[in-house]
file run00.tsv (TSV, C-alpha atoms and all ligand atoms)
chain	number	residue	atom	x	y	z
A	13	MET	CA	53.85	-31.40	-90.23
A	14	ILE	CA	52.66	-32.88	-86.99
A	15	ASP	CA	50.79	-31.08	-84.22
A	16	ILE	CA	51.16	-32.79	-80.83
A	17	HIS	CA	48.74	-30.64	-78.79
A	18	THR	CA	45.18	-29.77	-79.89
A	19	HIS	CA	41.62	-29.54	-78.57
A	20	ILE	CA	39.81	-30.49	-81.76
A	21	LEU	CA	37.39	-33.12	-80.42
A	22	PRO	CA	33.78	-31.91	-80.31
A	23	GLY	CA	31.92	-31.11	-77.08
A	24	VAL	CA	34.39	-32.60	-74.59
A	25	ASP	CA	36.33	-29.67	-73.14
A	26	ASP	CA	36.98	-25.98	-73.84
A	27	GLY	CA	38.01	-26.76	-77.43
A	28	ALA	CA	35.63	-27.40	-80.34
A	29	GLN	CA	32.03	-27.47	-79.13
A	30	THR	CA	30.41	-29.09	-82.14
A	31	VAL	CA	31.36	-31.37	-85.04
A	32	VAL	CA	31.10	-28.32	-87.32
A	33	GLU	CA	33.70	-26.49	-85.20
A	34	SER	CA	35.94	-29.58	-85.23
A	35	MET	CA	35.74	-29.73	-89.01
A	36	GLU	CA	36.57	-26.01	-89.25
A	37	LEU	CA	39.65	-26.63	-87.12
A	38	ILE	CA	40.65	-29.61	-89.26
A	39	GLU	CA	40.33	-27.50	-92.42
A	40	GLN	CA	42.44	-24.77	-90.85
A	41	ALA	CA	45.09	-27.36	-89.92
A	42	ILE	CA	45.17	-28.72	-93.47
A	43	LYS	CA	45.64	-25.19	-94.84
A	44	GLU	CA	48.63	-24.80	-92.51
A	45	GLY	CA	50.19	-27.95	-93.94
A	46	ILE	CA	49.51	-30.17	-90.94
A	47	THR	CA	49.10	-33.85	-91.84
A	48	ASP	CA	48.82	-35.38	-88.37
A	49	ILE	CA	47.10	-34.11	-85.26
A	50	ILE	CA	47.29	-35.56	-81.81
A	51	ALA	CA	43.99	-34.85	-80.08
A	52	THR	CA	44.78	-33.95	-76.46
A	53	PRO	CA	41.63	-33.05	-74.53
A	54	HIS	CA	42.02	-32.20	-70.85
A	55	ALA	CA	42.20	-35.05	-68.35
A	56	ASP	CA	42.16	-34.68	-64.55
A	57	ASN	CA	41.83	-30.92	-65.00
A	58	PRO	CA	39.60	-29.29	-62.34
A	59	HIS	CA	37.19	-28.20	-65.10
A	60	TYR	CA	37.43	-31.04	-67.62
A	61	ASP	CA	38.22	-34.73	-67.39
A	62	VAL	CA	37.77	-36.49	-70.71
A	63	PRO	CA	38.17	-40.27	-70.31
A	64	GLN	CA	40.12	-42.25	-72.87
A	65	ASN	CA	37.10	-44.11	-74.27
A	66	VAL	CA	35.49	-40.75	-75.09
A	67	VAL	CA	38.69	-39.61	-76.83
A	68	LEU	CA	38.66	-42.73	-79.01
A	69	GLU	CA	34.90	-42.46	-79.74
A	70	LYS	CA	35.17	-38.80	-80.78
A	71	ILE	CA	38.13	-39.54	-83.06
A	72	GLU	CA	36.02	-42.22	-84.77
A	73	LEU	CA	33.17	-39.73	-85.11
A	74	LEU	CA	35.49	-37.22	-86.80
A	75	ASN	CA	36.97	-39.92	-89.04
A	76	THR	CA	33.44	-40.70	-90.28
A	77	GLU	CA	32.65	-37.02	-90.74
A	78	MET	CA	35.88	-36.40	-92.67
A	79	LYS	CA	35.13	-39.34	-94.97
A	80	LYS	CA	31.64	-37.93	-95.63
A	81	ASN	CA	33.10	-34.54	-96.52
A	82	ASN	CA	36.13	-35.80	-98.44
A	83	VAL	CA	38.49	-34.13	-96.00
A	84	PHE	CA	41.44	-35.99	-94.59
A	85	ILE	CA	43.92	-35.62	-91.77
A	86	ASN	CA	45.35	-38.28	-89.43
A	87	ILE	CA	44.02	-37.89	-85.90
A	88	HIS	CA	45.86	-39.71	-83.12
A	89	PRO	CA	44.70	-40.17	-79.53
A	90	GLY	CA	46.17	-38.35	-76.55
A	91	GLN	CA	45.34	-36.37	-73.43
A	92	GLU	CA	46.68	-33.26	-71.72
A	93	ILE	CA	46.97	-34.57	-68.20
A	94	ARG	CA	46.83	-32.22	-65.21
A	95	ILE	CA	49.30	-33.74	-62.77
A	96	GLY	CA	48.08	-34.75	-59.34
A	97	GLN	CA	48.08	-37.41	-56.62
A	98	THR	CA	46.60	-40.09	-58.90
A	99	THR	CA	48.62	-39.48	-62.09
A	100	ILE	CA	51.14	-42.30	-61.58
A	101	GLU	CA	48.53	-44.81	-60.42
A	102	LYS	CA	46.32	-44.05	-63.42
A	103	LEU	CA	49.24	-44.23	-65.87
A	104	THR	CA	50.30	-47.54	-64.34
A	105	ASN	CA	46.77	-48.92	-64.72
A	106	GLY	CA	46.50	-47.75	-68.32
A	107	GLU	CA	43.73	-45.29	-67.47
A	108	LEU	CA	45.46	-42.39	-69.23
A	109	LEU	CA	46.50	-41.92	-72.84
A	110	THR	CA	50.03	-41.19	-73.95
A	111	LEU	CA	50.65	-39.22	-77.16
A	112	ALA	CA	49.68	-41.42	-80.14
A	113	ASN	CA	50.34	-44.55	-78.04
A	114	SER	CA	54.01	-43.59	-77.69
A	115	LYS	CA	56.01	-43.39	-74.47
A	116	TYR	CA	55.53	-39.60	-74.40
A	117	VAL	CA	52.97	-38.16	-71.95
A	118	LEU	CA	51.68	-34.59	-72.24
A	119	ILE	CA	51.36	-33.12	-68.76
A	120	GLU	CA	49.88	-29.85	-67.60
A	121	LEU	CA	50.91	-27.78	-64.59
A	122	PRO	CA	48.41	-25.41	-62.98
A	123	THR	CA	48.78	-21.94	-64.56
A	124	GLY	CA	49.61	-20.34	-61.22
A	125	GLY	CA	52.55	-22.44	-60.13
A	126	ILE	CA	54.50	-25.67	-59.88
A	127	PRO	CA	53.08	-28.10	-57.30
A	128	ALA	CA	55.53	-29.34	-54.67
A	129	ASN	CA	55.23	-32.96	-55.88
A	130	THR	CA	56.04	-32.15	-59.55
A	131	ILE	CA	59.57	-33.65	-59.49
A	132	GLN	CA	58.19	-36.74	-57.77
A	133	ILE	CA	55.55	-37.13	-60.49
A	134	ILE	CA	58.13	-36.58	-63.26
A	135	GLN	CA	60.29	-39.29	-61.67
A	136	GLY	CA	57.25	-41.58	-61.35
A	137	ILE	CA	56.50	-41.18	-65.06
A	138	LEU	CA	60.16	-41.86	-65.96
A	139	ASN	CA	60.06	-44.97	-63.73
A	140	LEU	CA	57.26	-46.28	-65.95
A	141	ASP	CA	59.64	-45.88	-68.94
A	142	LYS	CA	57.54	-42.97	-70.13
A	143	VAL	CA	58.68	-39.42	-70.86
A	144	PRO	CA	56.74	-36.42	-69.52
A	145	ILE	CA	56.34	-33.41	-71.80
A	146	ILE	CA	55.35	-30.22	-69.97
A	147	ALA	CA	52.71	-28.36	-71.98
A	148	HIS	CA	53.35	-24.63	-72.64
A	149	PRO	CA	55.76	-23.76	-69.79
A	150	GLU	CA	55.88	-20.21	-71.17
A	151	ARG	CA	52.37	-19.70	-69.85
A	152	ASN	CA	53.12	-20.83	-66.30
A	153	ARG	CA	53.37	-18.00	-63.79
A	154	ALA	CA	56.05	-19.59	-61.58
A	155	ILE	CA	58.26	-20.30	-64.60
A	156	ALA	CA	57.74	-16.77	-65.93
A	157	GLU	CA	58.93	-15.37	-62.61
A	158	LYS	CA	61.90	-17.72	-62.35
A	159	PRO	CA	62.72	-19.75	-65.47
A	160	SER	CA	65.36	-21.77	-63.60
A	161	ARG	CA	62.34	-23.63	-62.17
A	162	LEU	CA	61.76	-25.06	-65.64
A	163	LEU	CA	65.47	-25.89	-65.96
A	164	LYS	CA	65.18	-27.96	-62.77
A	165	LEU	CA	62.31	-29.99	-64.26
A	166	ILE	CA	64.18	-30.42	-67.57
A	167	ASN	CA	67.33	-31.51	-65.75
A	168	HIS	CA	65.21	-34.08	-63.98
A	169	GLY	CA	64.25	-35.64	-67.32
A	170	ALA	CA	61.12	-33.81	-68.44
A	171	LEU	CA	60.74	-32.31	-71.91
A	172	ALA	CA	58.69	-29.22	-72.74
A	173	GLN	CA	56.32	-28.16	-75.52
A	174	ILE	CA	56.12	-24.55	-76.67
A	175	THR	CA	52.82	-23.28	-78.05
A	176	ALA	CA	52.76	-21.84	-81.59
A	177	GLY	CA	50.49	-18.94	-80.58
A	178	SER	CA	52.89	-17.89	-77.81
A	179	LEU	CA	55.67	-17.43	-80.39
A	180	ALA	CA	53.23	-15.81	-82.82
A	181	GLY	CA	52.31	-13.14	-80.26
A	182	HIS	CA	48.74	-14.33	-79.68
A	183	PHE	CA	49.18	-14.05	-75.89
A	184	GLY	CA	50.99	-10.70	-75.97
A	185	ARG	CA	54.52	-9.36	-76.46
A	186	ASN	CA	55.86	-10.49	-73.09
A	187	ILE	CA	54.91	-14.13	-73.53
A	188	GLN	CA	56.26	-13.92	-77.09
A	189	LYS	CA	59.64	-12.68	-75.87
A	190	GLN	CA	59.82	-15.13	-73.03
A	191	SER	CA	58.97	-17.93	-75.47
A	192	LEU	CA	61.88	-16.95	-77.69
A	193	GLN	CA	64.16	-16.92	-74.68
A	194	LEU	CA	63.04	-20.40	-73.67
A	195	VAL	CA	63.90	-21.54	-77.21
A	196	GLU	CA	67.27	-19.80	-77.05
A	197	ALA	CA	68.04	-21.46	-73.71
A	198	ASN	CA	67.17	-24.90	-75.19
A	199	LEU	CA	64.45	-25.37	-72.58
A	200	VAL	CA	61.75	-26.47	-75.04
A	201	HIS	CA	61.87	-29.48	-77.32
A	202	THR	CA	58.56	-29.86	-79.10
A	203	TYR	CA	55.97	-27.65	-80.79
A	204	GLY	CA	52.19	-27.69	-80.63
A	205	SER	CA	49.31	-25.38	-81.46
A	206	ASP	CA	47.07	-26.01	-78.45
A	207	ALA	CA	44.35	-24.99	-80.96
A	208	HIS	CA	40.87	-24.64	-79.44
A	209	HIS	CA	38.91	-22.58	-81.94
A	210	THR	CA	39.57	-21.25	-85.47
A	211	LYS	CA	39.12	-17.62	-84.42
A	212	THR	CA	39.88	-17.27	-80.71
A	213	ARG	CA	42.61	-19.96	-80.40
A	214	PRO	CA	43.72	-20.87	-83.93
A	215	PHE	CA	46.65	-23.10	-84.95
A	216	LEU	CA	49.09	-20.27	-85.82
A	217	PHE	CA	51.51	-23.07	-86.69
A	218	ASP	CA	53.14	-21.19	-89.54
A	219	ALA	CA	53.12	-17.86	-87.73
A	220	GLY	CA	55.01	-19.34	-84.75
A	221	LEU	CA	57.61	-20.96	-87.00
A	222	SER	CA	57.99	-17.75	-89.03
A	223	TYR	CA	58.71	-15.82	-85.84
A	224	LEU	CA	61.52	-18.29	-85.06
A	225	GLU	CA	62.86	-17.97	-88.60
A	226	LYS	CA	62.80	-14.19	-88.34
A	227	HIS	CA	64.93	-14.48	-85.21
A	228	LYS	CA	67.39	-16.83	-86.93
A	229	LYS	CA	66.29	-19.92	-85.06
A	230	LEU	CA	66.06	-22.18	-88.10
A	231	TYR	CA	67.77	-24.97	-86.17
A	232	ALA	CA	64.94	-24.80	-83.61
A	233	VAL	CA	62.29	-25.03	-86.32
A	234	ASP	CA	64.02	-28.14	-87.70
A	235	ILE	CA	64.42	-29.75	-84.28
A	236	PHE	CA	60.82	-29.06	-83.22
A	237	LEU	CA	59.34	-30.51	-86.39
A	238	GLU	CA	61.72	-33.47	-86.27
A	239	ASN	CA	60.95	-34.13	-82.61
A	240	ASN	CA	57.20	-34.01	-83.27
A	241	ALA	CA	57.71	-36.69	-85.93
A	242	ARG	CA	59.83	-38.76	-83.58
A	243	ILE	CA	57.19	-38.56	-80.86
A	244	LEU	CA	54.60	-39.86	-83.30
A	245	GLU	CA	56.94	-42.73	-84.23
A	246	ASN	CA	57.88	-43.31	-80.58
A	247	GLY	CA	61.53	-42.58	-81.37
A	248	GLU	CA	64.12	-40.70	-79.34
A	249	VAL	CA	63.90	-36.92	-79.48
A	250	ILE	CA	66.80	-34.52	-80.07
A	251	ILE	CA	67.77	-32.67	-76.88
A	252	LEU	CA	70.13	-29.72	-76.87
A	253	GLU	CA	71.94	-28.93	-73.64
A	254	PRO	CA	70.20	-26.13	-71.74
A	255	LYS	CA	72.16	-22.89	-71.60
A	256	ASP	CA	73.23	-21.08	-68.47
A	257	LEU	CA	70.13	-19.24	-67.30
A	258	GLY	CA	72.18	-16.91	-65.14
A	259	LYS	CA	73.26	-15.01	-68.22
A	260	THR	CA	69.78	-14.77	-69.67
A	261	LYS	CA	67.75	-11.63	-69.10
A	262	TRP	CA	64.20	-12.71	-68.43
A	263	TRP	CA	61.07	-10.72	-68.94
A	264	LYS	CA	58.70	-10.28	-66.07
A	265	ILE	CA	55.35	-11.30	-67.41
A	266	PHE	CA	53.00	-11.03	-64.48
A	267	ALA	CA	54.52	-7.98	-62.79
B	301	FE	FE	45.88	-27.56	-74.10
call {"tool": "encode", "arguments": {"input": "run00.tsv", "output": "structure tokens", "more": "lines below"}}
Ligand code: FE
result
Amino acid sequence: MIDIHTHILPGVDDGAQTVVESMELIEQAIKEGITDIIATPHADNPHYDVPQNVVLEKIELLNTEMKKNNVFINIHPGQEIRIGQTTIEKLTNGELLTLANSKYVLIELPTGGIPANTIQIIQGILNLDKVPIIAHPERNRAIAEKPSRLLKLINHGALAQITAGSLAGHFGRNIQKQSLQLVEANLVHTYGSDAHHTKTRPFLFDAGLSYLEKHKKLYAVDIFLENNARILENGEVIILEPKDLGKTKWWKIFA
């Protein structure tokens, strides 16, 4: 299995702080059956901005460490890019990393809302023949209040990544239910752990998939895992037509 969203690189953001913590995360991933990880530290985030050369250096460091310890997983470069005024310029100049050198770009919205220029940025990314993937929309306040806001972004050509822990209940029952509803409405296309730490923010890869299975969403499990593989290979992802949100009863998360 392939994980497209992780914070496993040591000492760069709010993920692993040391090489030991990175190795613990890698061992947890292996136990979950993950073979490939895309390392996506924060870029252009108000708190963290990890440049691409640091991403590549830290991956090399972990490759050496894994060899020393006879542990092995494929780590691919990436970034979780907070969208802003300079996103398009930086992507154009090659200053930002796509997911595993594919055309797919993992973008982050601020937790509190959807900036007014989001559609413009999505269009700008598409104009570069790249495809934006919105990280964990289920954790965005504006989307929680009005999920048709996500539909608008999806209809404009963005994809979305659901976080394993959200489906597993790690962020509470409301986010769990809303996550399932986003899956049911075909508003998410890919699956990632957003793992930061083995105890506080673990992979929960299996737990999230089991929750989908329990709710008879086997097709979604298949599509998510297939799409993750296609992202890694820079292929075309499977997209199901979003369902009518008007008929969906949404949960109010931040009431
Ligand atoms: Fe993240």
call {"tool": "closest_residue", "arguments": {"input": "run00.tsv", "among": "A:Gly204, A:Gly247, A:Gly23, A:Gly45", "to": "ligand FE 301 (chain B)", "atoms": "only C-alpha atoms and all ligand atoms"}}
result
A:Gly204
call {"tool": "closest_residue", "arguments": {"input": "run00.tsv", "among": "A:Lys79, A:Lys164, A:Arg151, A:His208", "to": "Ser178 in chain A", "atoms": "all atoms listed in the file"}}
result
A:Arg151
call {"tool": "closest_residue", "arguments": {"input": "run00.tsv", "among": "A:Glu157, A:Asp48, A:Asp15, A:Glu248", "to": "ligand FE 301 (chain B)", "atoms": "only C-alpha atoms and all ligand atoms"}}
result
A:Asp15
call {"tool": "residues_around", "arguments": {"input": "run00.tsv", "residues": "Asp25 in chain A", "least_positions_apart": "2", "cutoff": "12 Å", "atoms": "all atoms listed in the file", "output": "PyMOL selection string"}}
result
chain A and resi 18-23+27-30+51-63+66-67+70+91-92+208-209
call {"tool": "write_last_selection", "arguments": {"input": "run00.tsv", "atoms": "C-alpha atoms", "output": "compact mmCIF listing (two decimals), in the frame of the given file"}}
result
# COMPACT_ATOMS: atom_id res chain seq x y z
CA THR A 18 45.18 -29.77 -79.89
CA HIS A 19 41.62 -29.54 -78.57
CA ILE A 20 39.81 -30.49 -81.76
CA LEU A 21 37.39 -33.12 -80.42
CA PRO A 22 33.78 -31.91 -80.31
CA GLY A 23 31.92 -31.11 -77.08
CA GLY A 27 38.01 -26.76 -77.43
CA ALA A 28 35.63 -27.40 -80.34
CA GLN A 29 32.03 -27.47 -79.13
CA THR A 30 30.41 -29.09 -82.14
CA ALA A 51 43.99 -34.85 -80.08
CA THR A 52 44.78 -33.95 -76.46
CA PRO A 53 41.63 -33.05 -74.53
CA HIS A 54 42.02 -32.20 -70.85
CA ALA A 55 42.20 -35.05 -68.35
CA ASP A 56 42.16 -34.68 -64.55
CA ASN A 57 41.83 -30.92 -65.00
CA PRO A 58 39.60 -29.29 -62.34
CA HIS A 59 37.19 -28.20 -65.10
CA TYR A 60 37.43 -31.04 -67.62
CA ASP A 61 38.22 -34.73 -67.39
CA VAL A 62 37.77 -36.49 -70.71
CA PRO A 63 38.17 -40.27 -70.31
CA VAL A 66 35.49 -40.75 -75.09
CA VAL A 67 38.69 -39.61 -76.83
CA LYS A 70 35.17 -38.80 -80.78
CA GLN A 91 45.34 -36.37 -73.43
CA GLU A 92 46.68 -33.26 -71.72
CA HIS A 208 40.87 -24.64 -79.44
CA HIS A 209 38.91 -22.58 -81.94
call {"tool": "residues_around", "arguments": {"input": "run00.tsv", "residues": "Lys115 in chain A", "least_positions_apart": "3", "cutoff": "7 Å", "atoms": "only C-alpha atoms", "output": "number ranges by chain"}}
result
A: 110, 142-143, 246
call {"tool": "atom_distance", "arguments": {"input": "run00.tsv", "atom1": "CA of Leu244 in chain A", "atom2": "CA of Thr202 in chain A"}}
result
11.5 Å
call {"tool": "closest_residue", "arguments": {"input": "run00.tsv", "among": "A:Asn86, A:Thr98, A:Asn65, A:Asn75", "to": "Thr47 in chain A", "atoms": "only C-alpha atoms"}}
result
A:Asn86
call {"tool": "residues_around", "arguments": {"input": "run00.tsv", "residues": "Glu196 in chain A", "least_positions_apart": "3", "cutoff": "9 Å", "atoms": "only C-alpha atoms", "output": "tab-separated table (two decimals) with C-alpha atoms, in the frame of the given file"}}
result
chain	number	residue	atom	x	y	z
A	191	SER	CA	58.97	-17.93	-75.47
A	192	LEU	CA	61.88	-16.95	-77.69
A	193	GLN	CA	64.16	-16.92	-74.68
A	199	LEU	CA	64.45	-25.37	-72.58
A	200	VAL	CA	61.75	-26.47	-75.04
A	229	LYS	CA	66.29	-19.92	-85.06
A	232	ALA	CA	64.94	-24.80	-83.61
A	254	PRO	CA	70.20	-26.13	-71.74
A	255	LYS	CA	72.16	-22.89	-71.60
call {"tool": "closest_residue", "arguments": {"input": "run00.tsv", "among": "A:Ile133, A:Ala197, A:Ile95, A:Ala207", "to": "Ile50 in chain A", "atoms": "only C-alpha atoms"}}
result
A:Ala207
call {"tool": "closest_residue", "arguments": {"input": "run00.tsv", "among": "A:Leu165, A:Met35, A:Ala219, A:Ala172", "to": "Leu118 in chain A", "atoms": "only C-alpha atoms"}}
result
A:Ala172
call {"tool": "atom_distance", "arguments": {"input": "run00.tsv", "atom1": "CA of Asn139 in chain A", "atom2": "CA of His17 in chain A"}}
result
23.7 Å
call {"tool": "residues_around", "arguments": {"input": "run00.tsv", "residues": "Phe236 in chain A", "least_positions_apart": "6", "cutoff": "12 Å", "atoms": "all atoms listed in the file", "output": "ChimeraX atom specification"}}
result
/A:13-16,171-176,195,198-204,217,220-221,224,229-230,242-243,249-252
call {"tool": "atom_distance", "arguments": {"input": "run00.tsv", "atom1": "CA of Val32 in chain A", "atom2": "CA of Leu74 in chain A"}}
result
9.9 Å
call {"tool": "residues_around", "arguments": {"input": "run00.tsv", "residues": "Ile85 in chain A", "least_positions_apart": "5", "cutoff": "9 Å", "atoms": "only C-alpha atoms", "output": "list in words"}}
result
Ile38, Glu39, Ala41, Ile42, Ile46, Thr47, Asp48, Ile49, Asn75 and Met78 of chain A
call {"tool": "residues_near_point", "arguments": {"input": "run00.tsv", "point": "(55.3, -16.9, -73.2)", "cutoff": "10 Å", "atoms": "only C-alpha atoms", "output": "MDAnalysis selection string"}}
result
chainID A and resid 148:153 155:156 174:175 177:194 263 265
call {"tool": "residues_near_point", "arguments": {"input": "run00.tsv", "point": "(57.1, -45.2, -65.7)", "cutoff": "12 Å", "atoms": "only C-alpha atoms", "output": "list in words"}}
result
Thr99, Ile100, Glu101, Lys102, Leu103, Thr104, Asn105, Gly106, Thr110, Lys115, Tyr116, Val117, Gln132, Ile133, Ile134, Gln135, Gly136, Ile137, Leu138, Asn139, Leu140, Asp141, Lys142, Val143 and Pro144 of chain A
call {"tool": "decode", "arguments": {"input": "run00.tsv", "residues": "range 187-207 of chain A", "atoms": "N, CA, C and O atoms", "output": "short mmCIF file (atom, residue, chain, number, x, y, z; two decimals), in the first residue's frame"}}
result
data_model
loop_
_atom_site.label_atom_id
_atom_site.label_comp_id
_atom_site.auth_asym_id
_atom_site.auth_seq_id
_atom_site.Cartn_x
_atom_site.Cartn_y
_atom_site.Cartn_z
N ILE A 187 -16.18 14.16 13.15
CA ILE A 187 -15.30 14.17 11.98
C ILE A 187 -15.37 12.80 11.29
O ILE A 187 -15.35 12.70 10.07
N GLN A 188 -15.48 11.74 12.10
CA GLN A 188 -15.59 10.39 11.53
C GLN A 188 -16.82 10.28 10.64
O GLN A 188 -16.76 9.78 9.51
N LYS A 189 -17.94 10.76 11.14
CA LYS A 189 -19.20 10.67 10.38
C LYS A 189 -19.15 11.55 9.14
O LYS A 189 -19.58 11.17 8.07
N GLN A 190 -18.63 12.74 9.31
CA GLN A 190 -18.54 13.64 8.16
C GLN A 190 -17.61 13.04 7.09
O GLN A 190 -17.88 13.14 5.89
N SER A 191 -16.55 12.38 7.55
CA SER A 191 -15.62 11.75 6.61
C SER A 191 -16.32 10.69 5.78
O SER A 191 -16.14 10.61 4.56
N LEU A 192 -17.14 9.88 6.45
CA LEU A 192 -17.87 8.83 5.74
C LEU A 192 -18.83 9.46 4.73
O LEU A 192 -18.98 8.96 3.61
N GLN A 193 -19.42 10.57 5.11
CA GLN A 193 -20.36 11.23 4.19
C GLN A 193 -19.64 11.83 2.99
O GLN A 193 -20.16 11.81 1.87
N LEU A 194 -18.43 12.32 3.20
CA LEU A 194 -17.64 12.82 2.06
C LEU A 194 -17.32 11.67 1.11
O LEU A 194 -17.35 11.83 -0.10
N VAL A 195 -17.02 10.50 1.69
CA VAL A 195 -16.74 9.31 0.86
C VAL A 195 -18.00 8.93 0.09
O VAL A 195 -17.97 8.71 -1.12
N GLU A 196 -19.13 8.90 0.81
CA GLU A 196 -20.39 8.52 0.17
C GLU A 196 -20.78 9.47 -0.95
O GLU A 196 -21.38 9.06 -1.94
N ALA A 197 -20.43 10.74 -0.80
CA ALA A 197 -20.78 11.75 -1.82
C ALA A 197 -19.73 11.81 -2.93
O ALA A 197 -19.81 12.68 -3.81
N ASN A 198 -18.75 10.90 -2.90
CA ASN A 198 -17.68 10.86 -3.92
C ASN A 198 -16.88 12.17 -3.98
O ASN A 198 -16.47 12.61 -5.05
N LEU A 199 -16.69 12.78 -2.82
CA LEU A 199 -15.96 14.06 -2.79
C LEU A 199 -14.50 13.89 -2.39
O LEU A 199 -13.77 14.88 -2.29
N VAL A 200 -14.08 12.67 -2.13
CA VAL A 200 -12.66 12.41 -1.85
C VAL A 200 -12.18 11.29 -2.77
O VAL A 200 -12.95 10.41 -3.14
N HIS A 201 -10.91 11.36 -3.13
CA HIS A 201 -10.38 10.47 -4.17
C HIS A 201 -9.15 9.69 -3.76
O HIS A 201 -8.80 8.70 -4.39
N THR A 202 -8.45 10.19 -2.74
CA THR A 202 -7.20 9.54 -2.33
C THR A 202 -7.18 9.44 -0.81
O THR A 202 -7.98 10.07 -0.12
N TYR A 203 -6.20 8.66 -0.32
CA TYR A 203 -6.17 8.28 1.09
C TYR A 203 -4.75 8.44 1.63
O TYR A 203 -3.80 8.00 0.99
N GLY A 204 -4.64 9.12 2.77
CA GLY A 204 -3.31 9.30 3.36
C GLY A 204 -3.42 9.27 4.86
O GLY A 204 -4.49 9.50 5.43
N SER A 205 -2.29 8.99 5.53
CA SER A 205 -2.33 8.91 6.99
C SER A 205 -2.15 10.27 7.66
O SER A 205 -2.66 10.51 8.73
N ASP A 206 -1.39 11.16 7.03
CA ASP A 206 -0.97 12.40 7.68
C ASP A 206 -0.29 12.07 9.02
O ASP A 206 -0.41 12.82 9.99
N ALA A 207 0.41 10.93 9.06
CA ALA A 207 1.07 10.49 10.30
C ALA A 207 2.15 11.49 10.72
O ALA A 207 2.93 11.96 9.89
#
